[in-house]
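First the structure, in the form of structure tokens, and then the observations on it.
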Amino acid sequence: MRPTESARALPAVLLIALALLFAARLATALWEAKHPPRVYDRVSWLAPAAALDAARQHRRPILYEFSAAWCGPCKMLERDVFSNKDRAAAINTMFVPAKVVDRKREDGVNPPGVDELQKRYQIEGFPTLLAVTPEGEEVGRIAGYAGPKATADSLQVFFRRAMMKRPGTMPGMPFPMPAPPDTSRGNS
């Protein structure tokens, strides 16, 4: 039996289709390399000075994120934690978040206050998440990026530690507790 004309054309059509699919995939890869997907940071970051004022006013701990534009793990932290709706909402509820961006490599000098904060809290690498009370006392630190779950778990612990340092509050309660009733006078 001899192959029909249409049977001989089938391998050629398949090769052309395969070549077109390969070209499309290559074009897509090149496009994605030049136009990476946007990551939307959902954390309500403040400048460090504004964060300090807000922390004192609202009696919440500050979460400093020390990062740099060139830092790969910082981008992973942003993608996995700060752009996640639930994790970002937890950060915004528990802390007054402050972003501290190191620009020394890009600009040769840091913006005002960045070097001071890095020296005060002895920041040695990026990313570093640092939780402090409104008075500036450190209650927890994550140096590097340990993954989304470990980061979220650590931030919960840091928040509880900060709340333990505030008189009149219980761990997990961001607001002051009412004073207990006075039972020293016997009510009859």
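How things are named: the first chain in the structure tokens is A, the next is B, and so on; residues count from 1 in each chain; ligands count from 1 in the order shown.
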
Write out, as a tab-separated table, each residue of segment 60-171 of chain A that has an atom at most 9 Å from segment 43-46 of chain A, together with the closest pair of atoms and their distance in Å to one decimal, counting only C-alpha atoms, rows going by chain and rising number.
residue	atom	partner	partner_atom	distance
A:Phe82	CA	A:Val43	CA	5.8
A:Ser83	CA	A:Val43	CA	7.4
A:Lys85	CA	A:Val43	CA	8.7
A:Arg87	CA	A:Val43	CA	8.8
A:Ala88	CA	A:Val43	CA	5.1
A:Ala89	CA	A:Val43	CA	7.2
A:Ile91	CA	A:Val43	CA	7.0
A:Asn92	CA	A:Val43	CA	6.2
A:Val96	CA	A:Leu46	CA	7.7
A:Pro97	CA	A:Trp45	CA	5.1
A:Ala98	CA	A:Leu46	CA	4.7
A:Lys99	CA	A:Trp45	CA	5.8

Cys71 of chain A surroundings by only C-alpha atoms, 12 Å radius, close-in-sequence under 5 positions cut, as an MDAnalysis selection string:
chainID A and resid 66 76:78 101:103 105:106 125:128 144:145

Take the residues from that selection and write them out as a PDB file, in the first residue's frame, keeping C-alpha atoms.
ATOM      1  CA  PHE A  66      15.544  47.057  55.790  1.00  0.00           C
ATOM      2  CA  MET A  76      11.131  37.292  47.205  1.00  0.00           C
ATOM      3  CA  LEU A  77       9.940  38.656  50.563  1.00  0.00           C
ATOM      4  CA  GLU A  78       7.914  41.319  48.757  1.00  0.00           C
ATOM      5  CA  VAL A 101      15.716  51.296  51.667  1.00  0.00           C
ATOM      6  CA  ASP A 102      19.502  51.286  51.425  1.00  0.00           C
ATOM      7  CA  ARG A 103      20.655  53.305  48.379  1.00  0.00           C
ATOM      8  CA  ARG A 105      25.226  50.961  46.116  1.00  0.00           C
ATOM      9  CA  GLU A 106      23.103  52.901  43.622  1.00  0.00           C
ATOM     10  CA  GLY A 125      22.414  42.413  55.608  1.00  0.00           C
ATOM     11  CA  PHE A 126      19.232  42.550  53.595  1.00  0.00           C
ATOM     12  CA  PRO A 127      16.438  41.844  53.984  1.00  0.00           C
ATOM     13  CA  THR A 128      16.143  42.382  57.711  1.00  0.00           C
ATOM     14  CA  GLY A 144      17.445  37.108  55.539  1.00  0.00           C
ATOM     15  CA  TYR A 145      14.364  35.496  54.073  1.00  0.00           C
TER      16      TYR A 145
END

Polymer residues at most 10 Å from Ile142 of chain A, only C-alpha atoms, same-chain spacing of 5 or more positions, as a PyMOL selection string:
chain A and resi 65+126-131+150-151+154-155

Between atom CA of Lys165 of chain A and atom CA of Gly136 of chain A, distance in Å (one decimal)
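Here the two named atoms are 11.8 Å from each other.
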
Contacts of segment 56-59 of chain A within 7 Å, only C-alpha atoms, excl. fewer than 3 positions in-chain, as a list in words
Leu52, Asp53 and Pro134 of chain A

All strand (DSSP E) residues (DSSP, backbone) inside segment 7-139 of chain A, as a PyMOL selection string:
chain A and resi 62-68+96-102+128-132+138-139

Might you pull out every residue within 12 Å of segment 107-113 of chain A, with only C-alpha atoms counted and same-chain residues fewer than 6 positions away left off, and present them as a VMD selection string?
chain A and resid 47 to 49 67 to 69 99 to 101 119 to 120

From the list A:Tyr40, A:Ala29, A:Glu124, A:Ala162, which residue is nearest Val81 of chain A when using only C-alpha atoms?
A:Tyr40

Rank nothing, just name the residue among A:Lys149, A:Phe95, A:Arg161, A:Glu116 nearest to Ala55 of chain A, using only C-alpha atoms.
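Among A:Lys149, A:Phe95, A:Arg161, A:Glu116, it is A:Phe95 that comes nearest to Ala55 of chain A.
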